[in-house]
$ cat input_7.txt   # compact mmCIF, C-alpha atoms
# COMPACT_ATOMS: atom_id res chain seq x y z
CA MET Q 1382 42.69 23.09 61.25
CA ARG Q 1383 39.60 20.94 61.02
CA GLN Q 1384 37.94 20.18 64.34
CA TRP Q 1385 37.76 16.38 64.48
CA TRP Q 1386 36.13 15.76 67.83
CA PRO Q 1387 32.52 16.71 66.92
CA VAL Q 1388 32.84 14.94 63.59
CA ALA Q 1389 34.31 11.82 65.12
CA PHE Q 1390 31.67 11.98 67.83
CA LEU Q 1391 28.91 11.73 65.27
CA PHE Q 1392 30.80 9.06 63.32
CA GLY Q 1393 30.33 6.73 66.24
CA LEU Q 1394 26.66 7.49 66.64
CA LEU Q 1395 24.08 5.25 65.04
CA GLY Q 1396 26.46 4.11 62.37
CA VAL Q 1397 25.06 6.28 59.64
CA LEU Q 1398 23.46 9.28 61.33
CA PHE Q 1399 26.57 11.38 61.77
CA VAL Q 1400 26.80 12.28 58.11
CA PHE Q 1401 24.22 15.04 58.56
CA VAL Q 1402 26.26 16.86 61.18
CA PHE Q 1403 29.38 16.21 59.12
CA LEU Q 1404 27.75 18.18 56.32
CA LEU Q 1405 27.43 21.12 58.68
CA ALA Q 1406 30.99 20.74 59.92
CA ARG Q 1407 32.29 20.77 56.33
CA SER Q 1408 30.26 23.81 55.27
CA GLY Q 1409 33.13 26.16 55.98
CA ASP Q 1410 35.91 23.87 54.76
CA SER Q 1411 36.56 23.52 51.05
CA THR Q 1412 39.35 20.92 51.44
CA THR Q 1413 38.46 17.64 49.77
CA THR Q 1414 40.03 14.22 49.42
CA GLU Q 1415 42.34 14.11 46.44
CA THR Q 1416 40.48 12.62 43.52
CA SER Q 1417 40.22 13.11 39.82
CA THR Q 1418 36.85 13.92 38.34
CA PRO Q 1419 35.33 10.87 36.65
CA ALA Q 1420 34.47 11.48 33.03
CA SER Q 1421 30.95 10.15 33.57
CA ALA Q 1422 30.08 12.93 36.02
CA THR Q 1423 29.47 15.51 33.28
CA ALA Q 1424 27.84 13.08 30.91
CA ASP Q 1425 25.36 11.98 33.55
CA ALA Q 1426 24.27 15.50 34.49
CA GLY Q 1427 20.52 15.87 34.15
CA SER Q 1428 20.04 12.18 33.41
CA ALA Q 1429 18.36 9.45 35.47
CA THR Q 1430 21.15 9.72 38.01
CA THR Q 1431 19.64 12.76 39.72
CA PRO Q 1432 18.85 12.17 43.42
CA ALA Q 1433 15.09 12.05 42.83
CA ALA Q 1434 15.47 9.41 40.14
CA GLU Q 1435 18.03 7.45 42.11
CA THR Q 1436 15.46 6.55 44.73
CA GLU Q 1437 13.79 4.38 42.08
CA LEU Q 1438 16.94 2.56 41.00
CA THR Q 1439 17.47 -1.09 41.77
CA MET Q 1440 20.57 -1.97 43.74
CA GLU Q 1441 22.11 -3.47 40.59
CA GLN Q 1442 21.55 -0.23 38.66
CA PHE Q 1443 22.89 1.80 41.55
CA MET Q 1444 26.00 -0.35 41.81
CA GLU Q 1445 26.64 -0.03 38.09
CA MET Q 1446 26.29 3.75 38.36
CA ILE Q 1447 28.69 4.22 41.26
CA GLU Q 1448 31.21 1.83 39.69
CA GLN Q 1449 31.64 4.49 37.00
CA ARG Q 1450 32.16 7.20 39.60
CA GLN Q 1451 34.79 5.86 41.95
CA PRO Q 1452 37.15 8.45 43.40
CA ARG Q 1453 40.67 7.98 42.07
CA TYR Q 1454 43.63 8.45 44.36
CA GLU Q 1455 47.17 9.53 43.75
CA PHE Q 1456 49.79 7.47 45.56
CA MET Q 1457 53.00 8.07 47.44
CA GLU Q 1458 55.64 5.68 48.73
CA MET Q 1459 56.11 5.35 52.49
CA PRO Q 1460 58.19 2.81 54.46
CA CYS Q 1461 56.50 0.08 56.45
CA GLY Q 1462 56.99 0.59 60.16
CA VAL Q 1463 58.01 -3.06 60.61
CA ASP Q 1464 60.65 -3.75 57.95
CA GLY Q 1465 61.03 -0.53 55.97
CA THR Q 1466 59.49 -1.94 52.78
CA LEU Q 1467 58.23 0.90 50.60
CA LEU Q 1468 54.45 0.73 50.31
CA GLU Q 1469 52.24 2.54 47.81
CA VAL Q 1470 49.91 4.58 50.00
CA PRO Q 1471 46.86 6.52 48.76
CA LYS Q 1472 47.27 10.20 49.48
CA GLN Q 1473 44.84 11.91 51.83
CA ALA Q 1474 44.30 15.61 51.35
CA ASN Q 1475 45.20 17.61 54.47
CA ARG Q 1476 45.01 14.58 56.75
CA MET Q 1477 48.56 14.50 58.07
CA ALA Q 1478 48.21 16.79 61.07
CA THR Q 1479 46.32 14.58 63.48
CA ASN Q 1480 44.09 11.56 63.76
CA ARG Q 1481 42.92 12.48 67.26
CA LEU Q 1482 39.55 10.97 68.03
CA GLY Q 1483 38.95 9.26 64.74
CA GLY Q 1484 39.88 11.82 62.12
CA VAL Q 1485 40.69 9.23 59.48
CA ALA Q 1486 37.51 7.33 60.26
CA THR Q 1487 35.46 10.45 59.63
CA ASP Q 1488 37.03 11.05 56.25
CA MET Q 1489 36.09 7.55 55.24
CA MET Q 1490 32.45 8.18 55.88
CA SER Q 1491 32.51 11.58 54.15
CA ILE Q 1492 33.35 9.68 50.96
CA ALA Q 1493 30.95 6.84 51.66
CA LEU Q 1494 27.83 8.79 52.56
CA GLY Q 1495 28.40 12.49 52.11
CA PRO Q 1496 27.14 14.34 49.03
CA PRO Q 1497 29.59 14.49 46.15
CA VAL Q 1498 31.78 17.46 45.44
CA GLU Q 1499 30.13 19.49 42.69
CA GLY Q 1500 30.85 17.94 39.33
CA GLN Q 1501 32.24 14.67 40.66
CA GLY Q 1502 29.09 12.61 40.69
CA ARG Q 1503 27.74 10.40 43.41
CA PRO Q 1504 30.14 9.07 46.09
CA SER Q 1505 30.94 5.40 46.41
CA LEU Q 1506 29.07 3.29 48.92
CA ASP Q 1507 30.79 0.02 48.05
CA LYS Q 1508 34.47 0.80 47.62
CA GLN Q 1509 34.57 3.05 50.61
CA ASP Q 1510 37.44 5.16 51.75
CA TRP Q 1511 38.38 2.74 54.53
CA GLU Q 1512 38.98 0.08 51.89
CA MET Q 1513 40.69 2.34 49.41
CA LEU Q 1514 43.00 3.93 51.96
CA LEU Q 1515 44.16 0.68 53.59
CA VAL Q 1516 47.58 -0.61 52.61
CA THR Q 1517 48.98 -3.98 53.72
CA ASN Q 1518 52.58 -5.15 53.63
CA PRO Q 1519 52.24 -8.51 51.82
CA ALA Q 1520 55.34 -9.87 53.56
CA ASN Q 1521 54.13 -9.54 57.14
CA GLY Q 1522 50.48 -8.43 57.14
CA ALA Q 1523 51.10 -5.09 58.87
CA THR Q 1524 48.28 -2.80 57.74
CA TYR Q 1525 48.06 0.98 57.74
CA HIS Q 1526 46.40 4.14 56.65
CA GLY Q 1527 48.71 6.86 55.41
CA ILE Q 1528 48.32 8.79 58.66
CA ASP Q 1529 49.66 5.78 60.58
CA LEU Q 1530 52.80 5.67 58.47
CA HIS Q 1531 53.22 9.41 58.80
CA HIS Q 1532 53.25 9.13 62.60
CA LEU Q 1533 55.63 6.19 62.47
CA SER Q 1534 58.02 7.88 60.06
CA SER Q 1535 58.16 10.99 62.24
CA GLY Q 1536 59.60 8.85 65.04
CA VAL Q 1537 58.09 11.15 67.65
CA GLN Q 1538 55.22 9.23 69.17
CA TYR Q 1539 54.76 5.73 67.77
CA HIS Q 1540 57.21 2.88 67.18
CA ILE Q 1541 56.82 -0.77 66.24
CA THR Q 1542 59.50 -2.66 68.11
CA GLU Q 1543 57.95 -6.11 67.71
CA TRP Q 1544 55.52 -7.47 65.11
CA ASN Q 1545 54.48 -11.09 64.67
CA LEU Q 1546 50.98 -11.44 63.28
CA ALA Q 1547 51.05 -15.22 63.70
CA ALA Q 1548 51.52 -14.73 67.44
CA LEU Q 1549 48.95 -11.94 67.73
CA ALA Q 1550 46.21 -13.52 65.61
CA PRO Q 1551 47.08 -17.02 64.36
CA ALA Q 1552 43.87 -17.56 62.40
CA LEU Q 1553 44.12 -14.20 60.66
CA ALA Q 1554 47.77 -14.83 59.81
CA ALA Q 1555 46.85 -18.20 58.33
CA ILE Q 1556 44.70 -16.48 55.71
CA PRO Q 1557 46.71 -15.01 52.80
CA ASN Q 1558 46.44 -11.27 53.29
CA SER Q 1559 45.54 -10.88 49.63
CA GLU Q 1560 42.31 -12.73 50.48
CA TRP Q 1561 41.37 -10.76 53.58
CA THR Q 1562 37.92 -9.21 53.68
CA VAL Q 1563 37.78 -5.48 54.37
CA GLU Q 1564 36.95 -6.00 58.03
CA GLU Q 1565 39.82 -8.49 58.37
CA ARG Q 1566 42.17 -5.84 56.98
CA ILE Q 1567 40.80 -3.36 59.50
CA LEU Q 1568 41.41 -5.90 62.27
CA ALA Q 1569 45.02 -6.13 61.06
CA ARG Q 1570 45.24 -2.35 61.20
CA VAL Q 1571 43.99 -2.34 64.80
CA LEU Q 1572 46.64 -4.91 65.70
CA THR Q 1573 49.32 -2.90 63.88
CA GLN Q 1574 48.33 0.29 65.70
CA ARG Q 1575 48.35 -1.55 69.01
CA ALA Q 1576 51.88 -2.80 68.29
CA ALA Q 1577 52.89 0.80 67.57
CA GLY Q 1578 51.66 1.97 70.98
CA VAL Q 1579 48.68 3.96 69.72
CA ASP Q 1580 46.38 5.27 72.48
CA ASP Q 1581 43.38 3.19 73.51
CA VAL Q 1582 40.95 5.91 72.44
CA GLU Q 1583 42.34 5.79 68.90
CA LEU Q 1584 42.22 1.99 68.86
CA GLY Q 1585 38.53 2.29 69.71
CA PHE Q 1586 37.85 4.51 66.72
CA ALA Q 1587 39.90 2.20 64.51
CA ALA Q 1588 37.71 -0.69 65.62
CA LEU Q 1589 34.61 1.26 64.63
CA GLN Q 1590 35.85 1.22 61.04
CA GLY Q 1591 35.52 -2.56 61.13
CA ALA Q 1592 31.95 -2.29 62.38
CA TYR Q 1593 30.94 -0.08 59.49
CA ALA Q 1594 32.75 -2.24 56.96
CA ALA Q 1595 30.82 -5.26 58.22
CA ASN Q 1596 27.53 -3.35 58.21
CA PHE Q 1597 27.89 -2.09 54.65
CA GLY Q 1598 29.27 -5.42 53.47
CA THR Q 1599 26.13 -7.07 54.80
CA TRP Q 1600 23.90 -4.75 52.80
CA TYR Q 1601 25.89 -5.46 49.65
CA GLY Q 1602 25.67 -9.20 50.19
CA LYS Q 1603 29.42 -9.68 50.65
CA ASP Q 1604 31.03 -12.37 52.73
CA VAL Q 1605 31.51 -10.82 56.17
CA ALA Q 1606 34.06 -12.73 58.24
CA ILE Q 1607 33.77 -10.60 61.40
CA PRO Q 1608 30.36 -9.25 62.50
CA SER Q 1609 29.99 -5.60 63.36
CA SER Q 1610 28.96 -6.51 66.91
CA ALA Q 1611 32.47 -7.84 67.54
CA PHE Q 1612 33.94 -4.51 66.50
CA TYR Q 1613 31.42 -2.53 68.55
CA ALA Q 1614 32.43 -4.61 71.56
CA LEU Q 1615 36.11 -4.05 70.84
CA ALA Q 1616 35.60 -0.30 70.42
CA ALA Q 1617 33.65 -0.04 73.67
CA ALA Q 1618 36.35 -1.98 75.51
CA TYR Q 1619 39.09 0.33 74.25
CA PHE Q 1620 37.01 3.39 75.12
CA LYS Q 1621 36.49 2.05 78.64
CA GLN Q 1622 40.24 1.57 79.03
CA ALA Q 1623 40.90 5.08 77.73
CA LEU Q 1624 38.36 6.69 80.03
CA ALA Q 1625 39.77 4.85 83.03
CA THR Q 1626 43.45 5.58 82.38
CA ASP Q 1627 43.93 8.42 79.91
CA GLU Q 1628 44.19 11.60 81.96
CA THR Q 1629 45.22 13.54 78.84
CA LEU Q 1630 41.73 13.40 77.32
CA PRO Q 1631 40.37 16.95 77.26
CA PRO Q 1632 36.78 17.48 78.45
CA GLU Q 1633 35.49 17.57 74.86
CA GLY Q 1634 37.34 14.39 74.02
CA ARG Q 1635 35.97 12.68 77.12
CA SER Q 1636 32.44 13.72 76.17
CA THR Q 1637 32.94 12.43 72.62
CA THR Q 1638 34.35 9.12 73.79
CA LEU Q 1639 31.59 8.57 76.35
CA MET Q 1640 28.84 9.24 73.82
CA VAL Q 1641 30.32 6.90 71.22
CA GLN Q 1642 30.89 4.28 73.93
CA GLY Q 1643 27.28 4.61 75.04
CA GLU Q 1644 26.03 4.13 71.51
CA ALA Q 1645 28.19 1.03 71.07
CA TYR Q 1646 26.75 -0.34 74.30
CA ARG Q 1647 23.21 0.41 73.07
CA LEU Q 1648 23.80 -1.44 69.80
CA LEU Q 1649 25.12 -4.37 71.84
CA GLY Q 1650 21.94 -4.39 73.94
CA ARG Q 1651 23.77 -3.32 77.11
CA GLN Q 1652 21.05 -0.96 78.27
CA ALA Q 1653 22.36 -0.09 81.75
CA ASP Q 1654 25.88 0.57 80.47
CA ALA Q 1655 24.58 2.72 77.62
CA LEU Q 1656 22.42 4.85 79.91
CA ALA Q 1657 25.27 5.26 82.40
CA ALA Q 1658 27.55 6.56 79.64
CA PHE Q 1659 24.88 8.96 78.37
CA ARG Q 1660 24.34 10.32 81.89
CA GLN Q 1661 28.05 11.04 82.18
CA VAL Q 1662 27.90 12.96 78.90
CA ARG Q 1663 25.11 15.13 80.30
CA ASP Q 1664 27.05 15.69 83.51
CA LEU Q 1665 29.94 17.12 81.50
CA GLY Q 1666 27.59 19.76 80.09
CA LEU Q 1667 29.45 20.27 76.80
CA LEU Q 1668 26.62 19.55 74.33
CA ASP Q 1669 25.85 21.96 71.53
CA GLU Q 1670 22.59 22.54 69.67
CA HIS Q 1671 23.31 19.75 67.19
CA THR Q 1672 24.67 17.03 69.43
CA LEU Q 1673 22.06 17.47 72.16
CA PRO Q 1674 19.17 16.28 69.92
CA VAL Q 1675 21.26 13.25 68.96
CA LEU Q 1676 21.85 12.40 72.61
CA ASP Q 1677 18.14 12.88 73.35
CA GLN Q 1678 17.29 10.43 70.58
CA ILE Q 1679 19.77 7.67 71.34
CA GLU Q 1680 19.18 7.94 75.07
CA GLY Q 1681 15.45 7.61 74.43
CA LEU Q 1682 16.06 4.56 72.25
CA ALA Q 1683 18.15 2.98 75.02
CA GLU Q 1684 15.50 3.71 77.64
CA ALA Q 1685 12.88 2.06 75.41
CA GLY Q 1686 15.05 -1.01 74.85
CA ASN Q 1687 15.51 -0.24 71.16
CA TYR Q 1688 18.95 -1.49 70.09
CA ASN Q 1689 18.68 -0.82 66.35
CA LEU Q 1690 20.45 1.72 64.20
CA GLU Q 1691 18.10 4.59 63.42
CA ARG Q 1692 18.26 7.72 61.33
CA ALA Q 1693 19.03 10.69 63.55
CA ALA Q 1694 16.61 13.58 63.87
CA VAL Q 1695 19.10 16.45 64.08
CA THR Q 1696 17.65 19.90 64.66
CA GLY Q 1697 17.95 22.20 61.67
CA MET Q 1698 19.47 19.58 59.37
CA THR Q 1699 18.00 18.67 55.99
CA VAL Q 1700 17.89 15.03 54.94
CA PRO Q 1701 20.06 14.59 51.83
CA PRO Q 1702 17.96 14.14 48.67
CA GLY Q 1703 17.19 10.52 47.99
CA GLY Q 1704 18.28 9.54 51.50
CA TYR Q 1705 21.64 8.36 50.13
CA TYR Q 1706 20.21 4.85 50.45
CA LEU Q 1707 20.47 4.83 54.24
CA ASP Q 1708 16.88 3.71 54.67
CA GLU Q 1709 17.39 0.82 52.30
CA MET Q 1710 20.51 -0.26 54.19
CA LEU Q 1711 19.15 -0.20 57.72
CA PRO Q 1712 16.94 -3.34 57.72
CA ALA Q 1713 19.78 -5.57 56.55
CA ILE Q 1714 22.29 -3.87 58.85
CA ASN Q 1715 20.02 -4.18 61.88
CA GLY Q 1716 19.38 -7.83 61.12
CA HIS Q 1717 23.14 -8.40 60.95
CA ILE Q 1718 23.72 -6.66 64.29
CA ALA Q 1719 20.87 -8.52 66.01
CA TYR Q 1720 22.04 -11.90 64.74
CA ALA Q 1721 25.48 -11.57 66.32
CA ARG Q 1722 24.68 -9.31 69.29
CA ASP Q 1723 24.44 -11.89 72.07
CA ALA Q 1724 27.79 -13.43 71.19
CA TRP Q 1725 29.67 -10.16 71.75
CA ASN Q 1726 28.00 -8.21 74.54
CA THR Q 1727 29.51 -9.66 77.71
CA SER Q 1728 33.20 -8.75 77.68
CA ASP Q 1729 34.95 -5.46 78.47
CA ASN Q 1730 38.46 -6.80 77.95
CA SER Q 1731 39.98 -5.86 74.60
CA ASP Q 1732 42.50 -8.72 74.61
CA SER Q 1733 39.75 -11.26 75.27
CA ILE Q 1734 37.63 -9.83 72.47
CA LEU Q 1735 40.55 -9.95 70.03
CA ALA Q 1736 41.17 -13.58 71.00
CA ALA Q 1737 37.49 -14.39 70.46
CA ILE Q 1738 37.56 -12.74 67.03
CA ASP Q 1739 40.56 -14.84 66.05
CA ALA Q 1740 38.82 -17.97 67.31
CA LEU Q 1741 35.84 -17.06 65.14
CA LEU Q 1742 38.10 -16.82 62.11
CA ALA Q 1743 39.70 -20.16 62.97
CA ALA Q 1744 36.28 -21.81 63.03
CA GLN Q 1745 35.34 -20.61 59.54
$ encode --input "input_7.txt" --output "structure tokens"
Amino acid sequence: MRQWWPVAFLFGLLGVLFVFVFLLARSGDSTTTETSTPASATADAGSATTPAAETELTMEQFMEMIEQRQPRYEFMEMPCGVDGTLLEVPKQANRMATNRLGGVATDMMSIALGPPVEGQGRPSLDKQDWEMLLVTNPANGATYHGIDLHHLSSGVQYHITEWNLAALAPALAAIPNSEWTVEERILARVLTQRAAGVDDVELGFAALQGAYAANFGTWYGKDVAIPSSAFYALAAAYFKQALATDETLPPEGRSTTLMVQGEAYRLLGRQADALAAFRQVRDLGLLDEHTLPVLDQIEGLAEAGNYNLERAAVTGMTVPPGGYYLDEMLPAINGHIAYARDAWNTSDNSDSILAAIDALLAAQ
């Protein structure tokens, strides 16, 4: 069984830094997301698509290259938890056991930023796993990942007894769901999970997906309806609720949640709250040789009043060849976060933040 808590922990840190530790976590696990090998992967071997050459590509050339190398998913039918409509859901390899502490979220980023499986070419940065794995019921807007529907169909833990998107988010419901941006679809998934009774800690990790969708969408020049700062605020609010009320969180899970919460606070410019969360992580004393350097770095950034995303300096880790375009992304992403930061860094109430997000959509 894959250990999700250290992976999910790094997923929440610095937006893009966690991929390096994810590489280490995957080193002993050969399970991959179900894809078919694109025909272009073999043809491109040894050509200008090698990592060294890719650093010289323009964004347009890069986009054309990865368009030819999209992972292709097999599908299965699963019933919607609201009305039983059969939905075509992309399969996830070995992802049905648990989504504790952001397991699905981590898989998304392994496709988006991790190195490709040998022979499959470069991973996609545009059509990321969070977009490809989302499925929306066109009749009612309920939105899922396959793992959500698996939990609902088991009937053990989660149930949707009432669902009315127009009541939960009027402005979102007023937009045809076929026209939703990726982050709007992720917002719908958060609302669907909340209606199903999903734990606050999981809602926090689901909200982080929206933050990364907005960040990457900004770099690609897409229309971003909901800024990442709104999702960071929502995630931090859910984490605060979980830490205050969820006595079932194991010590490792509490450490993970606190560190991700602290990083969300740092990105929101909430210096005192970020440092308080980081101190609590240290007090738990559960850091390993890879997470401790990350904490040292982000805590130092918070102390210095630096609220930008930065590349992590993780002990013993090698930077992927070509940087996987992280360095090129960060200036645009940081500008996006800074632009919206002050509008989203004052509330710790998840319901208030959701209402503010809907009001933002209504004003557009």
$ closest_residue --input "input_7.txt" --among "Q:Leu1589, Q:Leu1615, Q:Ala1594, Q:Ala1576" --to "Ala1737 in chain Q" --atoms "all atoms listed in the file"
Q:Leu1615
$ closest_residue --input "input_7.txt" --among "Q:Asp1739, Q:Glu1633, Q:Asp1669, Q:Asp1677" --to "Leu1656 in chain Q" --atoms "all atoms listed in the file"
Q:Asp1677
$ atom_distance --input "input_7.txt" --atom1 "CA of Ala1550 in chain Q" --atom2 "CA of Leu1468 in chain Q"
22.5 Å
$ closest_residue --input "input_7.txt" --among "Q:Ile1528, Q:Leu1549, Q:Leu1676, Q:Ala1623" --to "Met1640 in chain Q" --atoms "all atoms listed in the file"
Q:Leu1676
$ atom_distance --input "input_7.txt" --atom1 "CA of Ala1744 in chain Q" --atom2 "CA of Ala1552 in chain Q"
8.7 Å
